[in-house]
Structure formats: structure tokens, C-alpha cells
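Pasted below: upload11.cif, mmCIF, C-alpha atoms and all ligand atoms.
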data_data
loop_
_atom_site.label_atom_id
_atom_site.label_comp_id
_atom_site.auth_asym_id
_atom_site.auth_seq_id
_atom_site.Cartn_x
_atom_site.Cartn_y
_atom_site.Cartn_z
CA MET F 474 20.19 -5.05 13.12
CA ILE F 475 17.72 -2.14 13.04
CA PRO F 476 16.59 -1.38 9.47
CA THR F 477 16.04 2.16 8.21
CA ILE F 478 13.18 3.13 5.90
CA THR F 479 12.66 6.41 4.08
CA ALA F 480 9.44 8.42 4.15
CA PHE F 481 8.18 11.81 3.02
CA GLU F 482 9.46 14.68 5.11
CA ARG F 483 5.96 16.05 4.52
CA SER F 484 3.40 13.78 2.88
CA PRO F 485 1.15 15.35 0.24
CA ASP F 486 -1.80 13.71 2.01
CA GLY F 487 -0.99 15.49 5.27
CA GLY F 488 -0.68 12.24 7.21
CA LYS F 489 -3.71 10.25 6.03
CA GLY F 490 -1.47 7.20 5.77
CA LEU F 491 -1.82 6.85 1.99
CA ALA F 492 1.88 7.27 1.25
CA ARG F 493 3.53 3.89 0.83
CA ASP F 494 5.81 4.06 3.84
CA THR F 495 2.68 3.24 5.84
CA ARG F 496 2.55 -0.22 4.24
CA VAL F 497 6.16 -0.92 5.25
CA ARG F 498 5.64 0.50 8.75
CA TRP F 499 2.58 -1.78 9.08
CA ALA F 500 4.58 -4.87 8.05
CA LEU F 501 7.40 -3.97 10.46
CA GLU F 502 4.88 -3.56 13.28
CA GLU F 503 3.14 -6.86 12.42
CA VAL F 504 6.42 -8.77 12.77
CA GLY F 505 7.58 -6.73 15.76
CA GLN F 506 10.71 -5.35 14.09
CA PRO F 507 11.87 -1.97 15.42
CA TYR F 508 12.98 0.44 12.68
CA GLU F 509 14.46 3.88 12.05
CA VAL F 510 13.05 6.43 9.60
CA ARG F 511 15.00 8.83 7.40
CA LEU F 512 12.71 11.62 6.23
CA VAL F 513 13.31 12.82 2.68
CA SER F 514 12.21 16.03 0.98
CA PHE F 515 10.94 16.03 -2.59
CA ALA F 516 14.24 17.54 -3.72
CA GLY F 517 16.15 15.04 -1.61
CA MET F 518 14.43 12.15 -3.39
CA LYS F 519 15.93 13.26 -6.67
CA ALA F 520 19.44 13.87 -5.28
CA PRO F 521 22.24 11.41 -6.13
CA GLY F 522 22.42 9.99 -2.63
CA HIS F 523 18.81 8.84 -2.72
CA LEU F 524 18.87 7.81 -6.38
CA ALA F 525 21.71 5.47 -5.45
CA ILE F 526 19.22 3.46 -3.37
CA HIS F 527 16.04 4.20 -5.32
CA PRO F 528 16.63 4.45 -9.10
CA PHE F 529 13.20 6.07 -9.55
CA GLY F 530 13.75 8.73 -6.89
CA GLN F 531 10.85 7.70 -4.64
CA ILE F 532 10.04 6.51 -1.14
CA PRO F 533 9.96 4.12 0.61
CA THR F 534 13.33 2.44 0.63
CA TYR F 535 14.55 -0.14 3.12
CA GLU F 536 18.16 -0.39 4.30
CA GLU F 537 19.41 -3.22 6.49
CA GLY F 538 23.22 -3.24 6.77
CA SER F 539 24.54 -3.34 3.21
CA LEU F 540 21.15 -4.42 1.82
CA CYS F 541 19.14 -1.68 0.11
CA LEU F 542 15.64 -2.43 -1.20
CA PHE F 543 12.92 -0.40 -2.88
CA GLU F 544 9.38 -1.34 -4.05
CA THR F 545 6.89 -1.62 -1.20
CA GLY F 546 5.79 -5.11 -2.24
CA SER F 547 9.36 -6.35 -2.26
CA ILE F 548 10.11 -4.85 1.16
CA VAL F 549 6.96 -6.41 2.65
CA PHE F 550 7.87 -9.77 1.08
CA HIS F 551 11.43 -9.50 2.45
CA LEU F 552 10.07 -8.91 5.96
CA ALA F 553 7.55 -11.72 5.56
CA GLU F 554 10.34 -14.10 4.57
CA ARG F 555 12.61 -13.12 7.46
CA HIS F 556 9.98 -13.03 10.23
CA ALA F 557 6.91 -15.00 11.25
CA GLY F 558 3.52 -13.35 11.17
CA LEU F 559 2.92 -12.28 7.55
CA LEU F 560 3.00 -15.52 5.57
CA PRO F 561 1.72 -18.99 6.56
CA ARG F 562 4.24 -21.73 7.21
CA ASP F 563 2.26 -24.25 5.14
CA ARG F 564 3.84 -24.30 1.64
CA ASP F 565 0.64 -24.11 -0.42
CA ALA F 566 -1.04 -21.55 1.85
CA ARG F 567 2.16 -19.45 1.68
CA ALA F 568 2.12 -19.56 -2.12
CA ARG F 569 -1.55 -18.48 -2.18
CA ALA F 570 -0.82 -15.59 0.20
CA ILE F 571 2.01 -14.45 -2.10
CA THR F 572 -0.43 -14.67 -5.01
CA TRP F 573 -2.68 -12.20 -3.17
CA MET F 574 0.31 -9.84 -2.72
CA PHE F 575 0.73 -9.75 -6.47
CA ALA F 576 -3.03 -9.50 -7.06
CA ALA F 577 -3.22 -6.45 -4.78
CA LEU F 578 -0.40 -4.62 -6.59
CA ASN F 579 -0.84 -5.90 -10.16
CA THR F 580 -4.60 -6.37 -10.56
CA VAL F 581 -6.51 -4.31 -8.01
CA GLU F 582 -4.22 -1.29 -7.54
CA PRO F 583 -3.72 -0.26 -11.21
CA PRO F 584 -7.33 0.83 -11.87
CA ILE F 585 -7.35 2.60 -8.48
CA LEU F 586 -4.19 4.51 -9.42
CA GLU F 587 -5.84 5.35 -12.75
CA LEU F 588 -8.76 6.84 -10.80
CA THR F 589 -6.37 8.87 -8.64
CA THR F 590 -4.63 10.15 -11.76
CA ALA F 591 -7.95 10.96 -13.46
CA ARG F 592 -9.30 12.81 -10.43
CA ILE F 593 -6.16 14.69 -9.40
CA PHE F 594 -4.09 15.23 -12.51
CA GLU F 595 -6.59 15.17 -15.35
CA ALA F 596 -9.67 16.88 -13.89
CA ASP F 597 -9.08 20.03 -15.95
CA ARG F 598 -8.61 18.22 -19.30
CA PRO F 599 -11.43 18.58 -21.84
CA TRP F 600 -11.96 14.82 -22.09
CA SER F 601 -11.86 14.26 -18.28
CA GLU F 602 -15.65 14.27 -17.83
CA GLU F 603 -16.03 11.60 -20.49
CA ARG F 604 -13.15 9.46 -19.20
CA LEU F 605 -13.86 9.46 -15.46
CA PRO F 606 -16.91 7.14 -15.59
CA LEU F 607 -14.94 4.62 -17.65
CA VAL F 608 -12.14 4.63 -15.08
CA LYS F 609 -14.61 4.22 -12.20
CA ASP F 610 -16.26 1.28 -13.96
CA ARG F 611 -12.89 -0.45 -14.34
CA VAL F 612 -12.38 -0.06 -10.57
CA ARG F 613 -15.87 -1.42 -9.91
CA ALA F 614 -15.24 -4.41 -12.19
CA ARG F 615 -12.29 -5.47 -10.01
CA LEU F 616 -14.07 -4.73 -6.74
CA ASP F 617 -17.10 -6.74 -7.91
CA GLN F 618 -14.81 -9.76 -8.33
CA LEU F 619 -12.86 -9.17 -5.12
CA SER F 620 -16.08 -8.76 -3.15
CA VAL F 621 -17.39 -12.09 -4.46
CA HIS F 622 -14.13 -13.82 -3.54
CA LEU F 623 -14.00 -12.39 -0.02
CA GLY F 624 -17.68 -13.08 0.69
CA ALA F 625 -18.19 -13.16 4.46
CA ALA F 626 -14.59 -14.15 5.26
CA ASP F 627 -12.35 -12.10 7.52
CA TRP F 628 -9.30 -12.31 5.23
CA LEU F 629 -8.61 -13.34 1.63
CA ASP F 630 -7.32 -16.85 2.31
CA GLY F 631 -7.51 -18.10 5.89
CA ALA F 632 -5.37 -16.18 8.40
CA PHE F 633 -4.30 -12.55 7.91
CA SER F 634 -1.27 -12.35 5.62
CA ALA F 635 0.94 -9.93 3.68
CA GLY F 636 -1.60 -10.35 0.89
CA ASP F 637 -4.27 -8.77 3.11
CA LEU F 638 -1.86 -6.08 4.32
CA LEU F 639 -1.26 -4.99 0.73
CA MET F 640 -4.88 -5.41 -0.37
CA VAL F 641 -6.21 -3.35 2.55
CA SER F 642 -3.56 -0.71 1.85
CA VAL F 643 -4.61 -0.57 -1.81
CA LEU F 644 -8.31 -0.30 -0.95
CA LEU F 645 -7.67 2.47 1.60
CA ARG F 646 -6.66 4.68 -1.34
CA LEU F 647 -10.17 4.25 -2.70
CA ARG F 648 -12.09 5.41 0.36
CA MET F 649 -12.17 9.12 -0.60
CA SER F 650 -13.88 8.26 -3.89
CA GLY F 651 -16.87 6.72 -2.11
CA ILE F 652 -16.63 3.58 -4.27
CA LEU F 653 -15.33 1.40 -1.40
CA ASP F 654 -18.52 2.00 0.57
CA GLU F 655 -20.55 0.54 -2.31
CA TYR F 656 -19.22 -2.86 -1.13
CA GLN F 657 -20.24 -3.58 2.44
CA ASN F 658 -17.94 -6.60 2.87
CA LEU F 659 -14.91 -4.78 1.41
CA ALA F 660 -15.50 -1.72 3.60
CA ALA F 661 -15.71 -4.05 6.63
CA TYR F 662 -12.55 -5.87 5.45
CA VAL F 663 -10.61 -2.58 5.29
CA ALA F 664 -11.93 -1.54 8.72
CA ARG F 665 -10.76 -4.93 10.07
CA GLY F 666 -7.27 -4.19 8.77
CA GLU F 667 -7.29 -0.70 10.27
CA ALA F 668 -8.40 -2.17 13.61
CA ARG F 669 -5.22 -4.24 13.87
CA PRO F 670 -2.92 -2.84 16.60
CA ALA F 671 0.05 -3.05 14.20
CA TYR F 672 -1.76 -0.85 11.66
CA ALA F 673 -2.74 1.61 14.38
CA ARG F 674 0.91 1.93 15.46
CA ALA F 675 2.06 2.36 11.85
CA PHE F 676 -0.60 5.00 11.16
CA ALA F 677 0.20 6.90 14.37
CA ALA F 678 3.92 6.92 13.53
CA GLN F 679 3.45 8.41 10.06
CA TYR F 680 0.81 10.82 11.37
CA ALA F 681 3.25 12.09 14.02
CA VAL F 682 5.77 12.95 11.29
CA ASN F 683 3.21 14.99 9.40
CA ALA F 684 1.68 16.59 12.49
CA ALA F 685 5.17 17.77 13.47
CA SER F 686 6.06 19.15 10.03
N1 LIG Z 1 5.99 1.07 -6.88
C1 LIG Z 1 6.54 1.89 -5.84
C2 LIG Z 1 5.88 3.25 -5.87
C3 LIG Z 1 6.49 4.19 -4.85
C4 LIG Z 1 5.78 5.54 -4.87
O1 LIG Z 1 4.81 5.76 -5.61
N2 LIG Z 1 6.26 6.44 -4.02
C5 LIG Z 1 5.67 7.77 -3.96
C6 LIG Z 1 5.11 8.03 -2.55
S1 LIG Z 1 3.90 6.85 -2.13
C7 LIG Z 1 2.63 7.27 -3.33
C8 LIG Z 1 1.69 8.31 -2.80
C9 LIG Z 1 1.97 9.65 -2.91
C10 LIG Z 1 1.10 10.60 -2.38
C11 LIG Z 1 -0.06 10.18 -1.77
N3 LIG Z 1 -1.00 11.14 -1.21
O2 LIG Z 1 -2.10 10.74 -0.85
O3 LIG Z 1 -0.63 12.31 -1.15
C12 LIG Z 1 -0.35 8.82 -1.66
C13 LIG Z 1 0.54 7.89 -2.17
C14 LIG Z 1 6.75 8.78 -4.22
O4 LIG Z 1 7.88 8.65 -3.77
N4 LIG Z 1 6.34 9.83 -4.93
C15 LIG Z 1 7.26 10.94 -5.19
C16 LIG Z 1 7.78 10.85 -6.59
O5 LIG Z 1 7.42 9.89 -7.31
O6 LIG Z 1 8.53 11.78 -6.97
C17 LIG Z 1 6.34 1.22 -4.47
O7 LIG Z 1 5.33 0.52 -4.33
O8 LIG Z 1 7.18 1.41 -3.57
#

Represent the structure contained in this file as C-alpha cells.
Amino acid sequence: MIPTITAFERSPDGGKGLARDTRVRWALEEVGQPYEVRLVSFAGMKAPGHLAIHPFGQIPTYEEGSLCLFETGSIVFHLAERHAGLLPRDRDARARAITWMFAALNTVEPPILELTTARIFEADRPWSEERLPLVKDRVRARLDQLSVHLGAADWLDGAFSAGDLLMVSVLLRLRMSGILDEYQNLAAYVARGEARPAYARAFAAQYAVNAAS
């Protein structure tokens, strides 16, 4: 059965691959699962039909027959459970890879989202200049620890997993700030993820949507 995901009709980033459909496209490409895309406008996201499958009125969603999922992490986990290629078969290694999925979304991404909010939505507030350095330091604190863990390894825990897919996706959001390039091994780690053929196909697919719009 061919699943259908939703994506921005026109991504605010103009096709840089930062919208979260790219993470789901990447996972689908890694496991070799063909998929359909339903493009949604901003207004369409808030319409009853979309709210029925995404209570928060966002993208991406994932529909497979009568199954409707939202939350990028959940969709990636669903694909990783149903197909080989994103989680190890060994029980303990699988559990560690799932731990890295949560770490990417719950520990590393929050300060990065804070930085995005501070830079994009709060730049004109009187206290922004005072707050921004604090937010950047909280990002650096996490990246310091992640950089030490990764060391000279290719991936976070043995073979490439859904944990790396989500961690690379989270770190890609940071590139524009310049902070990622302060960590040579993390910048190389992200480039390694981008060099994967599955990522390249996912990126090209979302770029084509935005180039056409
Ligand atoms: N926790 C949810 C979060 C989903 C989410 O944030 N979706 C965003 C798009 S991806 C987040 C995103 C948006 C824009 C950029 N960009 O660079 O322009 C990057 C990422 C959305 O639908 N926003 C519209 C809305 O909330 O009304 C998940 O992981 O799936």
C-alpha cells in the first residue's frame, strides 16, 4: 500500500529542506518505500479536513490505508518498525538507537528551536539582544556534549539509524546560525548524512515542489 504524506504547498524556507516533511521523505527513501505527497496550503492546514488528521493543524502527516499518523518522530519510528534499514535488529542496539531518536527531538532540538524563535520572531523585542547570547550558549552546551559523544565515529551508535536521521535533521536547522561549524566533527557528521543517496533523493523531491511553486 502506498502511503501519502502531507507537505507545505510552498515552504517558508523556499526548499532548503528544513520543513519536517524532509525527515519523513528521507526515512521513506532509506527503507525504499514509494510514497505520494498531498501539498497543503497554510489555510488548508487549519481546515477541518486536515485538522481531522493533524489536531495541531501542521505538516507532515502520514496516511497508510485507514492509519493516520502525525509527529515526525512517530512517523519515522513507524517506518523503522515496519521496514529494515533504520533500526538494528539486535535488541539492545535497537533500544539505544531509539534512545537517540528521543535525544534528537527532546534534548538537542529544543534549544535549537529556541534559537530559531529568538532570531526570527523575537529579534525586534527590546530584550532580544540580551537574550540571544543565553540561547546560543544553551545550544552550545548541548553540542559540546554531543560532539564529545560522537568523537571520531561516523554515526552515534554503530551503524546509521533513525536516531542519526533525526539528529542530522535537527542539526541541519542550525547551519545558518554558524554554530554548527564551530564543531568540526558535528559538521562532518551532518555532511555525511547529506551525502546519503536517500537524503539526496528526499531533498531533491521537496526542492522540486518549491521550485515549481
Ligand atoms: N512536532 C511536530 C512539529 C511539526 C511542525 O512544526 N510542522 C510545521 C512545518 S515543519 C517546521 C518548519 C517550518 C518552517 C521552516 N522553515 O525553515 O521555513 C522549517 C521548519 C508546520 O506545519 N508549521 C505550520 C504551522 O504550525 O501552522 C513534528 O515533528 O511533526

task: Just the residues within 7 Å of Tyr535 (chain F), please, counting all atoms listed in the file, with nothing from its chain fewer than 3 positions along; format it as a PyMOL selection string.
output: chain F and resi 476-479+541-543+548

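Of the residues under consideration (F:Thr534, F:Ala685, F:Leu578, F:Ala516), F:Thr534 shows the shortest atom-to-atom contact distance to Asp494 (chain F) when counting all atoms listed in the file.
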
- prompt: If you count all atoms listed in the file, which residues end up within 7 Å of ligand LIG 1 (chain Z), as a ChimeraX atom specification?
  reply: /F:484-486,491-494,515,518,530-533,543-546

message: List as a ChimeraX atom specification the protein and nucleic acid residues near region 654-660 of chain F, meaning an atom at most 12 Å away when only C-alpha atoms are counted, but skip any in the same chain fewer than 2 places from it.
response: /F:612-629,637,640-641,643-652,662-667

Could you take the residues named above and write them with C-alpha atoms, as an mmCIF file, in the coordinates of the input?
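Wrote again-v5.cif, looks like this:
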data_model
loop_
_atom_site.group_PDB
_atom_site.id
_atom_site.type_symbol
_atom_site.label_atom_id
_atom_site.label_comp_id
_atom_site.auth_asym_id
_atom_site.auth_seq_id
_atom_site.Cartn_x
_atom_site.Cartn_y
_atom_site.Cartn_z
ATOM 1 C CA VAL F 612 -12.380 -0.060 -10.570
ATOM 2 C CA ARG F 613 -15.870 -1.420 -9.910
ATOM 3 C CA ALA F 614 -15.240 -4.410 -12.190
ATOM 4 C CA ARG F 615 -12.290 -5.470 -10.010
ATOM 5 C CA LEU F 616 -14.070 -4.730 -6.740
ATOM 6 C CA ASP F 617 -17.100 -6.740 -7.910
ATOM 7 C CA GLN F 618 -14.810 -9.760 -8.330
ATOM 8 C CA LEU F 619 -12.860 -9.170 -5.120
ATOM 9 C CA SER F 620 -16.080 -8.760 -3.150
ATOM 10 C CA VAL F 621 -17.390 -12.090 -4.460
ATOM 11 C CA HIS F 622 -14.130 -13.820 -3.540
ATOM 12 C CA LEU F 623 -14.000 -12.390 -0.020
ATOM 13 C CA GLY F 624 -17.680 -13.080 0.690
ATOM 14 C CA ALA F 625 -18.190 -13.160 4.460
ATOM 15 C CA ALA F 626 -14.590 -14.150 5.260
ATOM 16 C CA ASP F 627 -12.350 -12.100 7.520
ATOM 17 C CA TRP F 628 -9.300 -12.310 5.230
ATOM 18 C CA LEU F 629 -8.610 -13.340 1.630
ATOM 19 C CA ASP F 637 -4.270 -8.770 3.110
ATOM 20 C CA MET F 640 -4.880 -5.410 -0.370
ATOM 21 C CA VAL F 641 -6.210 -3.350 2.550
ATOM 22 C CA VAL F 643 -4.610 -0.570 -1.810
ATOM 23 C CA LEU F 644 -8.310 -0.300 -0.950
ATOM 24 C CA LEU F 645 -7.670 2.470 1.600
ATOM 25 C CA ARG F 646 -6.660 4.680 -1.340
ATOM 26 C CA LEU F 647 -10.170 4.250 -2.700
ATOM 27 C CA ARG F 648 -12.090 5.410 0.360
ATOM 28 C CA MET F 649 -12.170 9.120 -0.600
ATOM 29 C CA SER F 650 -13.880 8.260 -3.890
ATOM 30 C CA GLY F 651 -16.870 6.720 -2.110
ATOM 31 C CA ILE F 652 -16.630 3.580 -4.270
ATOM 32 C CA TYR F 662 -12.550 -5.870 5.450
ATOM 33 C CA VAL F 663 -10.610 -2.580 5.290
ATOM 34 C CA ALA F 664 -11.930 -1.540 8.720
ATOM 35 C CA ARG F 665 -10.760 -4.930 10.070
ATOM 36 C CA GLY F 666 -7.270 -4.190 8.770
ATOM 37 C CA GLU F 667 -7.290 -0.700 10.270
#

- request: Write out as a ChimeraX atom specification which residues come within 6 Å of Val513 (chain F) when counting all atoms listed in the file, dropping same-chain ones fewer than 3 positions away.
  value: /F:481-482,517

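Minimum atom-to-atom distance to Glu587 (chain F), evaluated using only C-alpha atoms, belongs to F:Lys609 out of F:Ser601, F:Lys609, F:Met474, F:Arg567.
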
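CA of Lys519 (chain F) is positioned 26.9 Å from CA of Pro584 (chain F).
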
Give me, as a compact mmCIF listing (two decimals) with C-alpha atoms, keeping the file's coordinate frame, all polymer residues having an atom no more than 9 Å from Pro507 (chain F), counting only C-alpha atoms and skipping those fewer than 3 positions away in the same chain.
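File selection-v1.txt, as written:
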# COMPACT_ATOMS: atom_id res chain seq x y z
CA ILE F 475 17.72 -2.14 13.04
CA PRO F 476 16.59 -1.38 9.47
CA LEU F 501 7.40 -3.97 10.46
CA GLU F 502 4.88 -3.56 13.28

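In this model, the gap between CA of Ser634 (chain F) and CA of Val497 (chain F) comes to 13.6 Å.
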
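For the pair CA of Gln506 (chain F) and CA of Gly522 (chain F), the interatomic distance is 25.5 Å.
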
Option closest in space to Phe676 (chain F), from F:Arg483, F:Gly490, F:Thr572, F:Gly538 [counting only C-alpha atoms]: F:Gly490

field: Counting all atoms listed in the file, the residue of F:Ala520, F:Ala596, F:Leu653, F:Ala675 that sits nearest Trp499 (chain F)
entry: F:Ala675

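The set of protein, DNA and RNA residues with any counted atom at most 9 Å from (-16.4, 13.2, -14.1) (only C-alpha atoms) reads Ala591, Arg592, Ala596, Ser601, Glu602, Glu603, Arg604, Leu605 and Pro606 of chain F.
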
Which residue of F:Gly505, F:Gly487, F:Pro521, F:Gly558 approaches Ala635 (chain F) most closely, using only C-alpha atoms: F:Gly558
